[in-house]
>>> print(open('query_15.cif').read())   # mmCIF, C-alpha atoms and all ligand atoms
data_work
loop_
_atom_site.label_atom_id
_atom_site.label_comp_id
_atom_site.auth_asym_id
_atom_site.auth_seq_id
_atom_site.Cartn_x
_atom_site.Cartn_y
_atom_site.Cartn_z
CA MET S 1 -72.91 -33.39 75.62
CA GLN S 2 -70.61 -31.24 77.71
CA VAL S 3 -69.11 -34.36 79.37
CA PHE S 4 -68.52 -35.96 75.97
CA LYS S 5 -66.71 -32.85 74.69
CA SER S 6 -64.40 -32.62 77.69
CA LEU S 7 -63.66 -36.40 77.48
CA LYS S 8 -62.75 -35.96 73.81
CA HIS S 9 -60.61 -32.95 74.72
CA TRP S 10 -58.57 -34.95 77.23
CA LEU S 11 -58.25 -37.93 74.87
CA VAL S 12 -56.73 -35.72 72.15
CA LEU S 13 -54.35 -34.05 74.60
CA GLY S 14 -53.30 -37.45 76.01
CA LEU S 15 -52.69 -38.90 72.56
CA GLY S 16 -50.61 -35.82 71.58
CA ALA S 17 -48.51 -36.11 74.77
CA ALA S 18 -47.92 -39.84 74.15
CA LEU S 19 -46.64 -39.12 70.67
CA VAL S 20 -44.25 -36.42 71.94
CA CYS S 21 -42.97 -38.61 74.77
CA ASN S 22 -42.44 -41.66 72.55
CA THR S 23 -40.71 -39.70 69.75
CA PRO S 24 -36.96 -40.14 70.23
CA ALA S 25 -35.03 -36.83 70.58
CA GLN S 26 -34.44 -35.63 67.02
CA THR S 27 -30.70 -35.79 66.32
CA PRO S 28 -29.75 -32.82 64.14
CA VAL S 29 -29.39 -34.05 60.54
CA GLU S 30 -26.34 -32.74 58.78
CA ALA S 31 -27.54 -30.36 56.10
CA THR S 32 -26.64 -32.07 52.82
CA PRO S 33 -24.39 -29.77 50.77
CA PRO S 34 -26.05 -28.40 47.62
CA LYS S 35 -25.37 -30.47 44.50
CA LEU S 36 -22.74 -28.60 42.46
CA PRO S 37 -23.22 -28.20 38.70
CA ASN S 38 -20.89 -30.08 36.32
CA VAL S 39 -18.97 -27.52 34.26
CA VAL S 40 -16.42 -28.34 31.57
CA ILE S 41 -13.70 -25.74 30.92
CA LEU S 42 -12.51 -25.80 27.30
CA ALA S 43 -9.22 -23.93 26.87
CA THR S 44 -8.16 -22.43 23.54
CA GLY S 45 -5.32 -20.00 24.44
CA GLY S 46 -5.12 -16.21 24.66
CA THR S 47 -3.86 -13.85 27.30
CA ILE S 48 -5.73 -15.64 30.07
CA ALA S 49 -3.15 -18.37 29.37
CA GLY S 50 -0.39 -15.85 28.73
CA THR S 51 2.92 -15.35 30.52
CA GLY S 52 5.07 -12.23 30.80
CA ALA S 53 8.74 -11.78 31.74
CA THR S 54 7.87 -9.94 34.97
CA SER S 55 4.83 -9.29 37.17
CA THR S 56 4.54 -5.84 35.64
CA THR S 57 4.57 -7.02 32.03
CA THR S 58 1.09 -6.23 30.68
CA VAL S 59 2.05 -5.74 27.05
CA GLY S 60 4.61 -7.63 24.99
CA TYR S 61 3.89 -10.90 26.85
CA THR S 62 3.34 -14.28 25.18
CA ALA S 63 -0.27 -15.48 24.86
CA ALA S 64 -1.37 -19.12 24.80
CA LYS S 65 1.33 -20.67 27.03
CA VAL S 66 -0.44 -21.95 30.20
CA GLY S 67 -2.47 -25.18 29.97
CA VAL S 68 -6.03 -25.70 31.16
CA GLU S 69 -5.05 -27.69 34.28
CA GLN S 70 -2.78 -24.84 35.42
CA LEU S 71 -5.61 -22.34 34.81
CA ILE S 72 -7.93 -24.43 36.99
CA ASP S 73 -5.30 -25.05 39.69
CA ALA S 74 -4.69 -21.29 39.91
CA VAL S 75 -8.28 -20.81 41.14
CA PRO S 76 -8.94 -23.31 44.00
CA ALA S 77 -12.29 -21.61 44.68
CA LEU S 78 -13.65 -23.11 41.44
CA LYS S 79 -14.20 -26.37 43.32
CA GLN S 80 -16.57 -24.63 45.73
CA VAL S 81 -18.92 -23.52 42.94
CA ALA S 82 -18.83 -26.40 40.43
CA ASN S 83 -17.49 -29.85 39.65
CA VAL S 84 -14.99 -28.69 37.04
CA ARG S 85 -12.88 -30.58 34.56
CA GLY S 86 -10.74 -29.17 31.79
CA GLU S 87 -9.93 -29.94 28.18
CA GLN S 88 -7.29 -28.22 26.03
CA VAL S 89 -9.11 -28.04 22.69
CA PHE S 90 -6.21 -26.10 21.14
CA GLN S 91 -3.70 -23.43 22.22
CA VAL S 92 -3.59 -20.32 20.03
CA ALA S 93 -3.39 -16.55 20.26
CA SER S 94 -6.87 -15.68 19.04
CA GLU S 95 -5.71 -13.38 16.22
CA ASN S 96 -4.78 -16.70 14.57
CA MET S 97 -8.25 -18.25 14.82
CA THR S 98 -9.39 -20.25 11.75
CA ASN S 99 -12.57 -21.83 10.38
CA ASP S 100 -11.16 -25.29 11.10
CA LEU S 101 -10.56 -24.39 14.76
CA TRP S 102 -14.08 -22.93 15.00
CA LEU S 103 -15.65 -26.11 13.60
CA LYS S 104 -13.55 -28.29 15.93
CA LEU S 105 -14.57 -26.21 18.98
CA ALA S 106 -18.25 -26.05 18.00
CA ARG S 107 -18.43 -29.82 17.48
CA ARG S 108 -16.81 -30.48 20.89
CA VAL S 109 -19.25 -28.04 22.57
CA ASN S 110 -22.27 -29.75 21.00
CA GLU S 111 -20.96 -33.22 21.92
CA LEU S 112 -20.46 -32.22 25.56
CA LEU S 113 -23.77 -30.37 25.93
CA ALA S 114 -25.64 -33.42 24.64
CA ARG S 115 -24.40 -35.32 27.72
CA SER S 116 -26.68 -35.38 30.77
CA ASP S 117 -23.64 -35.09 33.08
CA VAL S 118 -22.63 -31.70 31.64
CA ASP S 119 -24.56 -28.66 32.90
CA GLY S 120 -22.56 -25.89 31.23
CA ILE S 121 -19.36 -24.99 29.42
CA VAL S 122 -16.72 -22.29 29.91
CA ILE S 123 -14.43 -21.48 27.00
CA THR S 124 -11.18 -19.64 27.78
CA HIS S 125 -10.16 -17.62 24.72
CA GLY S 126 -8.00 -14.74 23.53
CA THR S 127 -9.85 -11.44 23.67
CA ASP S 128 -8.87 -10.26 20.17
CA THR S 129 -11.44 -12.44 18.36
CA LEU S 130 -13.43 -13.61 21.39
CA GLU S 131 -16.53 -11.73 20.17
CA GLU S 132 -16.38 -13.55 16.82
CA THR S 133 -16.08 -17.05 18.27
CA ALA S 134 -18.85 -16.21 20.74
CA TYR S 135 -21.22 -15.12 17.96
CA PHE S 136 -20.34 -18.09 15.73
CA LEU S 137 -21.17 -20.43 18.63
CA ASP S 138 -24.31 -18.43 19.42
CA LEU S 139 -25.54 -19.40 15.93
CA VAL S 140 -24.46 -23.08 15.86
CA VAL S 141 -24.63 -24.48 19.43
CA LYS S 142 -27.67 -26.79 19.68
CA SER S 143 -28.52 -26.57 23.39
CA GLU S 144 -30.04 -24.14 25.86
CA LYS S 145 -27.36 -25.03 28.44
CA PRO S 146 -25.00 -22.11 29.25
CA VAL S 147 -21.88 -21.56 27.15
CA VAL S 148 -19.70 -18.77 28.56
CA LEU S 149 -16.62 -17.32 26.88
CA VAL S 150 -14.00 -15.72 29.09
CA GLY S 151 -10.64 -14.07 28.58
CA ALA S 152 -8.26 -11.69 30.29
CA MET S 153 -6.57 -8.41 29.50
CA ARG S 154 -3.52 -9.10 31.68
CA PRO S 155 -1.39 -12.25 31.48
CA SER S 156 -1.55 -14.82 34.28
CA THR S 157 1.87 -13.66 35.57
CA ALA S 158 0.87 -9.99 36.02
CA ILE S 159 0.03 -8.13 39.23
CA SER S 160 -3.81 -8.07 39.49
CA ALA S 161 -4.19 -10.53 36.64
CA ASP S 162 -7.88 -10.46 35.76
CA GLY S 163 -7.98 -14.03 34.42
CA PRO S 164 -8.63 -15.86 37.72
CA ILE S 165 -11.63 -13.76 38.78
CA ASN S 166 -12.98 -13.81 35.24
CA LEU S 167 -12.66 -17.61 35.14
CA TYR S 168 -14.31 -17.92 38.56
CA ASN S 169 -17.25 -15.73 37.47
CA ALA S 170 -17.58 -17.54 34.16
CA THR S 171 -17.72 -20.92 35.94
CA ILE S 172 -20.46 -19.72 38.31
CA LEU S 173 -22.43 -18.36 35.34
CA ALA S 174 -21.99 -21.53 33.27
CA GLY S 175 -23.39 -23.58 36.15
CA SER S 176 -26.27 -21.21 36.90
CA LYS S 177 -29.95 -21.71 36.09
CA GLU S 178 -30.23 -18.00 35.28
CA ALA S 179 -27.97 -18.40 32.25
CA VAL S 180 -30.02 -21.25 30.73
CA GLY S 181 -31.66 -20.25 27.45
CA LYS S 182 -29.86 -16.88 27.15
CA GLY S 183 -27.56 -17.90 24.31
CA VAL S 184 -23.78 -17.77 24.35
CA LEU S 185 -22.51 -15.28 26.95
CA VAL S 186 -19.27 -13.39 27.53
CA VAL S 187 -17.96 -12.58 31.02
CA LEU S 188 -15.06 -10.25 31.86
CA ASN S 189 -14.76 -7.38 34.33
CA ASP S 190 -17.79 -8.59 36.37
CA GLN S 191 -20.10 -7.88 33.41
CA ILE S 192 -22.29 -10.33 31.48
CA ASN S 193 -22.58 -9.63 27.75
CA SER S 194 -24.51 -11.29 24.94
CA ALA S 195 -22.51 -12.90 22.15
CA ARG S 196 -24.45 -10.98 19.48
CA ASP S 197 -23.82 -7.45 20.74
CA VAL S 198 -20.51 -7.54 22.63
CA THR S 199 -17.36 -6.15 21.03
CA LYS S 200 -13.81 -5.33 22.13
CA THR S 201 -13.61 -1.52 22.33
CA ASN S 202 -10.14 -0.86 23.84
CA THR S 203 -6.76 -2.28 22.91
CA SER S 204 -5.64 -2.95 26.51
CA THR S 205 -7.96 -1.94 29.41
CA ALA S 206 -9.83 -4.49 31.58
CA ASP S 207 -13.21 -2.89 30.76
CA THR S 208 -12.73 -3.33 27.02
CA PHE S 209 -15.81 -5.47 26.30
CA ARG S 210 -18.90 -3.35 25.69
CA ALA S 211 -22.21 -3.64 23.83
CA PRO S 212 -22.40 -0.15 22.23
CA ASP S 213 -25.83 1.45 22.75
CA LEU S 214 -27.56 -1.87 23.52
CA GLY S 215 -25.69 -2.49 26.80
CA PHE S 216 -24.64 -5.58 28.71
CA LEU S 217 -27.12 -8.09 30.23
CA GLY S 218 -26.11 -7.95 33.89
CA TYR S 219 -23.40 -8.35 36.51
CA MET S 220 -21.49 -11.08 38.26
CA GLN S 221 -21.47 -10.07 41.89
CA ASP S 222 -21.39 -11.84 45.29
CA ASN S 223 -20.80 -15.24 43.65
CA ARG S 224 -23.89 -15.15 41.49
CA ALA S 225 -25.35 -13.80 38.25
CA HIS S 226 -27.60 -10.73 38.30
CA PHE S 227 -29.47 -10.43 34.98
CA TYR S 228 -31.38 -7.25 34.04
CA ARG S 229 -32.10 -8.03 30.41
CA ALA S 230 -32.07 -10.99 28.01
CA PRO S 231 -31.32 -11.37 24.26
CA LEU S 232 -34.35 -11.06 21.97
CA ARG S 233 -32.77 -12.24 18.70
CA LYS S 234 -32.80 -15.99 17.94
CA HIS S 235 -29.78 -18.02 19.06
CA THR S 236 -28.46 -21.54 19.78
CA GLN S 237 -31.14 -24.20 19.40
CA GLU S 238 -33.56 -21.69 17.78
CA THR S 239 -31.29 -21.15 14.76
CA GLU S 240 -31.54 -22.90 11.38
CA PHE S 241 -27.78 -23.43 11.05
CA ASP S 242 -26.24 -26.89 11.40
CA ILE S 243 -22.48 -27.39 11.21
CA SER S 244 -22.56 -31.12 12.02
CA LYS S 245 -22.11 -32.06 8.34
CA LEU S 246 -19.89 -29.10 7.35
CA ASP S 247 -16.13 -29.52 6.83
CA SER S 248 -15.60 -25.91 5.67
CA LEU S 249 -17.28 -22.50 5.70
CA PRO S 250 -17.99 -20.21 2.69
CA LYS S 251 -15.31 -17.59 2.01
CA VAL S 252 -16.53 -14.13 3.07
CA ASP S 253 -14.25 -11.10 3.56
CA ILE S 254 -14.59 -7.51 4.74
CA VAL S 255 -13.58 -4.36 2.86
CA TYR S 256 -13.28 -1.15 4.88
CA GLY S 257 -14.63 2.15 3.49
CA TYR S 258 -12.66 5.46 3.86
CA GLU S 259 -11.62 8.58 1.95
CA ASN S 260 -10.41 7.90 -1.61
CA VAL S 261 -10.94 4.14 -1.11
CA SER S 262 -9.78 1.84 -3.93
CA ARG S 263 -11.85 -0.88 -5.63
CA VAL S 264 -8.79 -3.14 -5.98
CA PRO S 265 -9.42 -5.24 -2.81
CA ILE S 266 -13.01 -5.96 -3.91
CA ASP S 267 -11.95 -7.05 -7.40
CA ALA S 268 -9.19 -9.19 -5.92
CA LEU S 269 -11.57 -10.93 -3.47
CA VAL S 270 -14.08 -11.63 -6.24
CA GLY S 271 -11.27 -13.02 -8.36
CA ALA S 272 -10.20 -15.22 -5.42
CA GLY S 273 -13.66 -16.83 -5.32
CA ASP S 274 -15.33 -15.08 -2.37
CA LYS S 275 -19.00 -16.02 -1.97
CA GLY S 276 -19.76 -12.84 0.00
CA ILE S 277 -18.25 -9.42 0.65
CA VAL S 278 -19.06 -7.20 3.64
CA TYR S 279 -18.51 -3.53 2.83
CA ALA S 280 -17.91 -1.60 6.08
CA GLY S 281 -19.21 1.71 4.79
CA VAL S 282 -18.81 5.14 6.34
CA GLY S 283 -21.73 6.64 8.28
CA ASP S 284 -24.96 4.72 7.68
CA GLY S 285 -23.20 2.26 5.38
CA SER S 286 -22.53 4.86 2.66
CA VAL S 287 -20.57 3.65 -0.38
CA HIS S 288 -17.86 5.71 -2.18
CA LYS S 289 -18.81 6.53 -5.79
CA ASP S 290 -15.73 4.60 -7.02
CA ILE S 291 -16.78 1.50 -5.05
CA MET S 292 -20.35 1.15 -6.30
CA PRO S 293 -19.25 -0.17 -9.73
CA ALA S 294 -17.04 -2.75 -8.01
CA LEU S 295 -19.89 -3.96 -5.77
CA MET S 296 -22.29 -4.05 -8.73
CA ASP S 297 -19.77 -6.12 -10.74
CA ALA S 298 -19.35 -8.47 -7.76
CA ARG S 299 -23.13 -8.91 -7.48
CA LYS S 300 -23.41 -9.63 -11.21
CA LYS S 301 -20.88 -12.46 -10.70
CA GLY S 302 -23.06 -13.99 -7.98
CA VAL S 303 -21.19 -12.64 -4.96
CA ILE S 304 -23.52 -11.61 -2.09
CA VAL S 305 -22.86 -7.94 -1.21
CA LEU S 306 -23.58 -6.98 2.40
CA ARG S 307 -23.66 -3.29 3.19
CA GLY S 308 -22.46 -2.64 6.75
CA ALA S 309 -21.02 0.31 8.66
CA ARG S 310 -17.62 0.99 10.22
CA VAL S 311 -19.07 3.29 12.93
CA GLY S 312 -19.63 0.63 15.60
CA SER S 313 -23.32 1.03 16.52
CA GLY S 314 -26.76 1.76 15.05
CA ILE S 315 -28.94 0.22 12.35
CA VAL S 316 -27.79 0.24 8.71
CA ALA S 317 -31.07 1.21 7.06
CA ARG S 318 -32.09 -0.79 4.00
CA ASN S 319 -32.54 1.48 0.94
CA GLY S 320 -31.20 4.40 3.04
CA GLU S 321 -27.87 5.57 1.58
CA VAL S 322 -28.07 3.06 -1.32
CA ASN S 323 -31.04 1.59 -3.26
CA ASP S 324 -30.43 -1.96 -1.99
CA ASP S 325 -33.57 -3.24 -3.72
CA LYS S 326 -32.23 -2.01 -7.08
CA TYR S 327 -28.70 -3.46 -6.64
CA ASP S 328 -29.88 -6.60 -4.77
CA PHE S 329 -27.65 -5.87 -1.75
CA VAL S 330 -28.23 -7.08 1.82
CA VAL S 331 -27.83 -4.78 4.89
CA SER S 332 -26.32 -5.69 8.27
CA ASP S 333 -28.94 -4.38 10.77
CA THR S 334 -26.90 -3.56 13.94
CA LEU S 335 -24.22 -6.23 13.49
CA ASN S 336 -20.70 -4.80 13.22
CA PRO S 337 -18.74 -5.91 10.13
CA GLN S 338 -16.96 -8.82 11.82
CA LYS S 339 -20.27 -10.15 13.23
CA ALA S 340 -22.16 -9.56 9.96
CA ARG S 341 -19.49 -11.60 8.18
CA ILE S 342 -20.20 -14.58 10.48
CA LEU S 343 -23.95 -14.52 9.92
CA LEU S 344 -23.40 -14.17 6.14
CA MET S 345 -21.01 -17.15 6.15
CA LEU S 346 -23.60 -19.32 7.89
CA ALA S 347 -26.44 -17.96 5.74
CA LEU S 348 -24.47 -19.02 2.66
CA THR S 349 -24.35 -22.60 3.97
CA ARG S 350 -28.15 -22.61 3.43
CA THR S 351 -29.00 -20.20 0.58
CA ASP S 352 -27.77 -17.54 -1.88
CA ASP S 353 -31.22 -15.95 -2.10
CA THR S 354 -30.77 -12.34 -0.94
CA LYS S 355 -34.34 -12.07 0.37
CA GLU S 356 -33.79 -15.16 2.52
CA ILE S 357 -30.45 -13.78 3.73
CA GLN S 358 -32.00 -10.42 4.59
CA ARG S 359 -34.67 -12.30 6.60
CA MET S 360 -31.88 -13.91 8.62
CA PHE S 361 -30.36 -10.50 9.43
CA ALA S 362 -33.76 -9.46 10.79
CA ILE S 363 -34.09 -12.39 13.24
CA TYR S 364 -30.57 -13.30 14.44
N1 LIG B 1 -3.01 -12.31 21.32
C1 LIG B 1 -4.24 -11.84 21.90
C2 LIG B 1 -5.32 -12.94 21.83
O1 LIG B 1 -4.97 -14.11 22.01
C3 LIG B 1 -4.06 -11.43 23.31
C4 LIG B 1 -5.21 -10.66 23.80
C5 LIG B 1 -5.94 -11.33 24.92
O2 LIG B 1 -6.18 -12.57 24.93
O3 LIG B 1 -6.37 -10.58 25.80
O4 LIG B 1 -6.48 -12.60 21.60
#
>>> encode(input="query_15.cif", output="structure tokens")
Amino acid sequence: MQVFKSLKHWLVLGLGAALVCNTPAQTPVEATPPKLPNVVILATGGTIAGTGATSTTTVGYTAAKVGVEQLIDAVPALKQVANVRGEQVFQVASENMTNDLWLKLARRVNELLARSDVDGIVITHGTDTLEETAYFLDLVVKSEKPVVLVGAMRPSTAISADGPINLYNATILAGSKEAVGKGVLVVLNDQINSARDVTKTNTSTADTFRAPDLGFLGYMQDNRAHFYRAPLRKHTQETEFDISKLDSLPKVDIVYGYENVSRVPIDALVGAGDKGIVYAGVGDGSVHKDIMPALMDARKKGVIVLRGARVGSGIVARNGEVNDDKYDFVVSDTLNPQKARILLMLALTRTDDTKEIQRMFAIY
């Protein structure tokens, strides 16, 4: 037996040696570069595309001047992180945004995301209404692929313009696997925010976008996304809203509450045919005694009354300051008035039942 074992031992060794000797020297194989994601940059205007008279002009500049190709050419590093191509969907200062422009943008986003050769989308946008467009898209985009809105607080011509780094970060995020399924996102100032909770909090500083109380989702750092939380409310392909057959959106406006507030704006909006009115009440959505009759009259005429708050954070409690059950009002949860208006507009494309609408404010 011992002889047999040692014979077998030598046979195995010999065979191994033969294999090594006959294997040609391995030539080092060039490491194949990682496949870059395909990201489409949709430009709409804003300060990120703005130009000022001098490099120190950071207010009083002109927004929506620079085209998408110039924005891309200004950041050569984009080509190292994604295969990018640009489209100029429109060119506006975002204070001038309209329903028609929203529907045009949303349709283009859904068309592109349905294509297998598109992995994510960046939308360059003015910061003034960026949070509104982001939330509208969060409710109507029908894909889990990343959609990232980005803007700038300094024009492209300014010293330390923040647009290029914001665009670079947004492109990385839009091409990342980490951003898949997290809804529409907003990136400025190295921070990742959710479309639902982000809002512009300062007229002019680079750190203006915040999510009061609820906080941002993570950071862009070292060329990649670092997420620490994810949205819990329904968004994108989980929503019940479909704009594919819509050519307009229901008219909903906001009335601001304050000392000695007048009912005239409410009566005028009802007279103009509004389908919904958001009342941005003081405190926890409290309503001035002179306003209650106006809201009750509006409700009697079939207008949906949404009780919100001007304070900027916190839950507006149903049946808290007002007996909403008695007056058949809806409350805004934590959505600020401009976000609550968007959800109410889309809700009204499906129903005017206030219980159904209140359900929507509990899940989106
Ligand atoms: N006109 C403003 C806008 O387009 C400029 C603000 C900005 O983009 O930062 O939203």
>>> residues_around(input="query_15.cif", residues="stretch 350-358 of chain S", least_positions_apart="5", cutoff="8 Å", atoms="all atoms listed in the file", output="list in words")
Phe241, Ile304, Asp328, Phe329, Val330, Val331 and Leu344 of chain S
>>> closest_atom_pairs(input="query_15.cif", of="chain S", to="ligand LIG 1 (chain B)", cutoff="7 Å", atoms="all atoms listed in the file", output="CSV")
residue,atom,partner,partner_atom,distance
S:Gly45,CA,B:LIG1,O1,6.4
S:Gly46,CA,B:LIG1,O1,3.4
S:Thr47,CA,B:LIG1,O2,3.6
S:Ile48,CA,B:LIG1,O2,6.0
S:Ala63,CA,B:LIG1,N1,5.5
S:Ala64,CA,B:LIG1,O1,6.8
S:Val92,CA,B:LIG1,O1,6.7
S:Ala93,CA,B:LIG1,O1,3.4
S:Ser94,CA,B:LIG1,O1,3.9
S:Glu95,CA,B:LIG1,O4,5.5
S:His125,CA,B:LIG1,O2,6.4
S:Gly126,CA,B:LIG1,O2,3.2
S:Thr127,CA,B:LIG1,O2,4.0
S:Asp128,CA,B:LIG1,O4,3.6
S:Thr129,CA,B:LIG1,O4,5.9
S:Gly151,CA,B:LIG1,O2,6.0
S:Ala152,CA,B:LIG1,O3,5.0
S:Met153,CA,B:LIG1,O3,4.3
S:Arg154,CA,B:LIG1,O3,6.7
>>> closest_atom_pairs(input="query_15.cif", of="stretch 37-139 of chain S", to="stretch 190-194 of chain S", cutoff="10 Å", atoms="all atoms listed in the file", output="Markdown table")
| residue | atom | partner | partner_atom | distance |
| --- | --- | --- | --- | --- |
| S:Glu131 | CA | S:Ser194 | CA | 9.3 |
| S:Ala134 | CA | S:Ser194 | CA | 8.6 |
| S:Tyr135 | CA | S:Ser194 | CA | 8.6 |
| S:Asp138 | CA | S:Ser194 | CA | 9.0 |
>>> closest_residue(input="query_15.cif", among="S:Gly183, S:Ala174, S:Lys275, S:Ala298", to="S:Leu232", atoms="all atoms listed in the file")
S:Gly183
>>> atom_distance(input="query_15.cif", atom1="atom CA of S:Gly320", atom2="atom CA of S:Glu240")
28.5 Å
>>> residues_near_point(input="query_15.cif", point="(-25.0, -28.9, 21.8)", cutoff="10 Å", atoms="only C-alpha atoms", output="ChimeraX atom specification")
/S:106-115,137,140-145,147,236-237
>>> closest_residue(input="query_15.cif", among="S:Pro250, S:Gly285, S:Pro293, S:Pro231", to="S:Val264", atoms="only C-alpha atoms")
S:Pro293
>>> residues_around(input="query_15.cif", residues="S:Asp213", least_positions_apart="2", cutoff="8 Å", atoms="only C-alpha atoms", output="short mmCIF file (atom, residue, chain, number, x, y, z; two decimals) with C-alpha atoms, keeping the file's coordinate frame")
data_model
loop_
_atom_site.label_atom_id
_atom_site.label_comp_id
_atom_site.auth_asym_id
_atom_site.auth_seq_id
_atom_site.Cartn_x
_atom_site.Cartn_y
_atom_site.Cartn_z
CA ALA S 211 -22.21 -3.64 23.83
CA GLY S 215 -25.69 -2.49 26.80
CA SER S 313 -23.32 1.03 16.52
CA GLY S 314 -26.76 1.76 15.05
#
>>> residues_around(input="query_15.cif", residues="S:Thr201", least_positions_apart="2", cutoff="10 Å", atoms="only C-alpha atoms", output="list in words")
Val198, Thr199, Thr203, Ser204, Thr205, Asp207, Thr208, Phe209, Arg210, Ala211, Pro212 and Gly312 of chain S
>>> residues_around(input="query_15.cif", residues="S:Pro155", least_positions_apart="4", cutoff="7 Å", atoms="all atoms listed in the file", output="list of chain:residue names")
S:Thr47, S:Ile48, S:Ala49, S:Gly50, S:Thr51, S:Gly52, S:Thr58, S:Ala161
>>> atom_distance(input="query_15.cif", atom1="atom CA of S:Lys300", atom2="atom CA of S:His288")
18.6 Å
>>> closest_residue(input="query_15.cif", among="S:Thr57, S:Ser262, S:Ser156, S:Thr349", to="S:Leu246", atoms="only C-alpha atoms")
S:Thr349
>>> residues_around(input="query_15.cif", residues="stretch 98-101 of chain S", least_positions_apart="4", cutoff="7 Å", atoms="all atoms listed in the file", output="list in words")
Leu105, Ser248 and Leu249 of chain S
>>> atom_distance(input="query_15.cif", atom1="atom CA of S:Arg229", atom2="atom CA of S:Ala206")
22.6 Å
>>> closest_residue(input="query_15.cif", among="S:Val59, S:Val84, S:Met345, S:Leu335", to="S:Gly308", atoms="only C-alpha atoms")
S:Leu335
>>> residues_near_point(input="query_15.cif", point="(-21.1, 5.3, 3.2)", cutoff="10 Å", atoms="all atoms listed in the file", output="PyMOL selection string")
chain S and resi 257-258+279-289+307-310+321-322
>>> closest_residue(input="query_15.cif", among="S:Ile243, S:Leu42, S:Ile172, S:Lys182", to="S:Thr124", atoms="all atoms listed in the file")
S:Leu42
>>> closest_residue(input="query_15.cif", among="S:Ala294, S:His235, S:Val40, S:Ala340", to="S:Pro265", atoms="all atoms listed in the file")
S:Ala294
>>> build_atoms(input="query_15.cif", residues="stretch 315-326 of chain S", atoms="N, CA and C atoms", output="PDB file, in the coordinates of the input")
ATOM      1  N   ILE S 315     -28.360   1.067  13.394  1.00  0.00           N
ATOM      2  CA  ILE S 315     -28.940   0.220  12.350  1.00  0.00           C
ATOM      3  C   ILE S 315     -28.488   0.724  10.984  1.00  0.00           C
ATOM      4  N   VAL S 316     -28.020  -0.157  10.113  1.00  0.00           N
ATOM      5  CA  VAL S 316     -27.790   0.240   8.710  1.00  0.00           C
ATOM      6  C   VAL S 316     -29.128   0.079   7.995  1.00  0.00           C
ATOM      7  N   ALA S 317     -29.692   1.216   7.599  1.00  0.00           N
ATOM      8  CA  ALA S 317     -31.070   1.210   7.060  1.00  0.00           C
ATOM      9  C   ALA S 317     -31.084   0.708   5.620  1.00  0.00           C
ATOM     10  N   ARG S 318     -31.961  -0.277   5.375  1.00  0.00           N
ATOM     11  CA  ARG S 318     -32.090  -0.790   4.000  1.00  0.00           C
ATOM     12  C   ARG S 318     -32.679   0.301   3.102  1.00  0.00           C
ATOM     13  N   ASN S 319     -32.104   0.451   1.911  1.00  0.00           N
ATOM     14  CA  ASN S 319     -32.540   1.480   0.940  1.00  0.00           C
ATOM     15  C   ASN S 319     -32.371   2.890   1.494  1.00  0.00           C
ATOM     16  N   GLY S 320     -31.445   3.046   2.495  1.00  0.00           N
ATOM     17  CA  GLY S 320     -31.200   4.400   3.040  1.00  0.00           C
ATOM     18  C   GLY S 320     -30.200   5.151   2.170  1.00  0.00           C
ATOM     19  N   GLU S 321     -28.919   4.887   2.356  1.00  0.00           N
ATOM     20  CA  GLU S 321     -27.870   5.570   1.580  1.00  0.00           C
ATOM     21  C   GLU S 321     -27.725   4.997   0.167  1.00  0.00           C
ATOM     22  N   VAL S 322     -28.200   3.750  -0.027  1.00  0.00           N
ATOM     23  CA  VAL S 322     -28.070   3.060  -1.320  1.00  0.00           C
ATOM     24  C   VAL S 322     -29.405   2.377  -1.611  1.00  0.00           C
ATOM     25  N   ASN S 323     -29.808   2.309  -2.895  1.00  0.00           N
ATOM     26  CA  ASN S 323     -31.040   1.590  -3.260  1.00  0.00           C
ATOM     27  C   ASN S 323     -30.730   0.093  -3.297  1.00  0.00           C
ATOM     28  N   ASP S 324     -30.808  -0.550  -2.108  1.00  0.00           N
ATOM     29  CA  ASP S 324     -30.430  -1.960  -1.990  1.00  0.00           C
ATOM     30  C   ASP S 324     -31.356  -2.846  -2.817  1.00  0.00           C
ATOM     31  N   ASP S 325     -32.641  -2.445  -2.915  1.00  0.00           N
ATOM     32  CA  ASP S 325     -33.570  -3.240  -3.720  1.00  0.00           C
ATOM     33  C   ASP S 325     -33.082  -3.277  -5.171  1.00  0.00           C
ATOM     34  N   LYS S 326     -32.642  -2.090  -5.666  1.00  0.00           N
ATOM     35  CA  LYS S 326     -32.230  -2.010  -7.080  1.00  0.00           C
ATOM     36  C   LYS S 326     -30.969  -2.834  -7.351  1.00  0.00           C
TER      37      LYS S 326
END
